[in-house]
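Step one of this worksheet: look at the structure below.
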Amino acid sequence: MNGAPGKALLWRGPLMTTTTATSESGPGPLDTDAGVRLLSILKSQGYHFITTTPATHRTVLRRPGKALASDARDVFGWSLPFAAQVLSPDLFAALRAAGGLREDALGWRSAYRVSSLGEDLFLHSAFPPSAEDAVFFGPDTYRFARLLRQVVGSGEVGRLVDIGTGSGAGAVVAARSARIASFFLTDVNPVALATARINLAAAGLSADFQLGSGLEAVAEPADLIIANPPFIAGDGGRTYRDGGDMIGARLSLDWSLAATAKLVPQGRFVLYTGSAIVGGVDALRQALTVGLDSATYALTYEELDPDIFGGQLSARDYEAVERIAAIGAVVTRRV
């Protein structure tokens with residue numbers, strides 16, 4: 001999920017934005033066809049890159065030889081400045097056409113990163129993803145994908161709704177597991193929707209894209225709803241990270257209660273999020289247990305990783321928190 005709240009609008013045609021670069025990580029206008037071509041060229045060249053945590057990324061960039069890009073992985077993975085000849089002419093042209101090329105004191109720089117997930121490549125914001133409309137992709141995305149592969153299965157799904165889709169990775173991963181009839185992707189950030197459209201098109205998928213917050217524009221019931229909401233507290237109001245009160249768990253709780261009400265009988269809601277543990281107590285788990293009627297819903301709740309974002313504990317909002325756990329929750333509507 002990314003960006004700032006906006007009025008709900010339905011996008012069915014080619015999706016572009018008029019957002020221009022306003023910070024070091026902000027891309028220019030996104031062109032769908034050029035973005036798909038960019039990913040196709042990278043895939044044909046055997047490109048592969050696993051995106052790390054910001055801390056790991058910064059550590060790698062401090063090493064000798066990481067001031068200037070020497071190959072496409074340096075350009076699109078490590079977000080290093082580069083000379084034009086580092087990229088093949090067709091790749092350089094595709095980056096320019098996609099709105100991702102900007103001048104740098106050392107030559108050029110890409111406004112995008114490209115990450116590998118399974119057999120697919122995903123376009124998202126360059127490092128550091130600090131712009132207000134940045135599209136985030138990282139270790140949480142990989143954990144979310146693993147959860148989806150375990151839960152979705154290989155059957156048939158009628159309608160999938162991806163709340164706060166961001167890069168669209170969740171929808172693509174679900175499609176690689178199950179046979180899904182239709183996709184409906186929402187986000188408050190038009191840059192995220194433009195990016196998701198590129199990533200889904202590159203994966204051979206089409207969808208309806210809805211600009212809006214949460215499930216406010218989701219009118220029809222769904223067979224499968226998936227979400228990876230922001231869960232960090234007090235993060236300066238950055239929509240793609242700030243999860244609200246309950247030490248960042250409010251958005252996860254609100255989306256869960258809203259999503260489960262939209263499920264068809266036997267429909268499922270799959271949530272990947274983080275929860276702050278205070279005194280051994282998981283407030284999100286308690287709130288979901290109380291908020292979901294056990295006669296109507298079955299809840300499965302698991303800690304996927306007991307300790308993530310440890311550096312966040314030094315922040316003021318986390319003074320009483322002993323750890324942040326990565327959470328996988330699945331809610332099935334019984335009737």
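Quick note on naming: the chains in the structure tokens go A, B, ... in the order shown, residues restart at 1 in each chain, and ligands are numbered from 1 in order of appearance.
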
Closest pair table for range 143-260 of chain A residues within 12 Å of range 93-103 of chain A, only C-alpha atoms, as CSV:
residue,atom,partner,partner_atom,distance
A:Val191,CA,A:Gly99,CA,11.9
A:Ala194,CA,A:Ala98,CA,11.1
A:Thr195,CA,A:Ala98,CA,10.6
A:Ile198,CA,A:Ala98,CA,10.1

Any chance you could list, as a compact mmCIF listing (two decimals) with C-alpha atoms, in the first residue's frame, the residues in range 171-326 of chain A that come up helix (DSSP H, G or I) when DSSP is run on the backbone?
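Just written: out.txt:
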# COMPACT_ATOMS: atom_id res chain seq x y z
CA ALA A 171 -2.11 -10.86 -6.89
CA VAL A 172 0.56 -12.31 -9.19
CA VAL A 173 1.69 -14.86 -6.59
CA ALA A 174 -1.92 -15.94 -5.99
CA ALA A 175 -2.40 -16.31 -9.75
CA ARG A 176 0.67 -18.54 -9.97
CA SER A 177 -0.98 -20.92 -7.50
CA PRO A 190 -1.99 6.18 -8.29
CA VAL A 191 1.72 5.44 -8.79
CA ALA A 192 1.22 2.07 -7.07
CA LEU A 193 -1.70 1.27 -9.37
CA ALA A 194 0.32 2.24 -12.44
CA THR A 195 3.19 0.06 -11.23
CA ALA A 196 0.88 -2.86 -10.44
CA ARG A 197 -0.64 -2.61 -13.91
CA ILE A 198 2.84 -2.97 -15.43
CA ASN A 199 3.73 -5.91 -13.21
CA LEU A 200 0.48 -7.75 -13.86
CA ALA A 201 0.70 -7.13 -17.59
CA ALA A 202 4.29 -8.44 -17.59
CA ARG A 250 -5.04 -0.46 13.71
CA LEU A 251 -5.07 -0.63 9.91
CA SER A 252 -4.57 -4.41 9.97
CA LEU A 253 -7.50 -4.80 12.34
CA ASP A 254 -9.78 -2.44 10.41
CA TRP A 255 -9.01 -4.07 7.07
CA SER A 256 -9.55 -7.53 8.55
CA LEU A 257 -13.00 -6.71 9.91
CA ALA A 258 -14.02 -4.93 6.71
CA ALA A 259 -12.66 -7.66 4.43
CA THR A 260 -14.26 -10.58 6.21
CA ALA A 283 -2.95 -7.05 20.91
CA LEU A 284 -3.84 -7.68 17.26
CA ARG A 285 -4.53 -11.35 17.90
CA GLN A 286 -6.70 -10.49 20.87
CA ALA A 287 -8.65 -7.87 18.90
CA LEU A 288 -9.27 -10.22 15.97
CA THR A 289 -10.42 -13.00 18.29
CA VAL A 290 -12.91 -10.66 19.96
CA GLY A 291 -13.98 -8.87 16.77
CA GLY A 310 14.32 -4.86 15.62
CA GLY A 311 15.80 -1.42 15.00
CA GLN A 312 12.30 0.06 15.27
CA LEU A 313 12.25 -0.69 19.01
CA SER A 314 14.43 2.36 19.69
CA ARG A 316 9.52 6.51 20.98
CA ASP A 317 6.30 4.66 20.07
CA TYR A 318 8.00 1.34 20.80

Item to check | range 109-314 of chain A: residues DSSP assigns to strand (DSSP E or B), reported as a VMD selection string | outcome: chain A and resid 109 to 110 112 to 117 120 to 125 156 to 163 179 to 187 208 to 211 222 to 227 232 242 263 to 278 281 to 282 297 to 305

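Contact shell of Arg334 in chain A at 6 Å (only C-alpha atoms; same-chain neighbours under 2 positions omitted): Pro265, Gln266, Thr296 and Tyr297 of chain A.
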
Checklist entry - Pick the closest to Ser79 in chain A from A:Ala126, A:Thr56, A:Met246, A:Val36: which is it, counting only C-alpha atoms? => result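 Nearest to Ser79 in chain A: A:Ala126.
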
Checklist entry - Could you state the separation of CA of Gly234 in chain A and CA of Ala315 in chain A in Å, given to one decimal place? => result 8.7 Å

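Of note, CA of Tyr301 in chain A and CA of Ala320 in chain A are spaced 23.1 Å apart.
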
Checklist entry - Distance CA of Trp108 in chain A-CA of Ala84 in chain A, one decimal place? => result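 Spanning CA of Trp108 in chain A to CA of Ala84 in chain A is a straight-line distance of 7.0 Å.
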
Next on the checklist: When you count only C-alpha atoms, which of these residues is closest to Thr141 in chain A: A:Leu211, A:Leu117, A:Ala203, A:Val75?
Outcome noted: A:Leu117
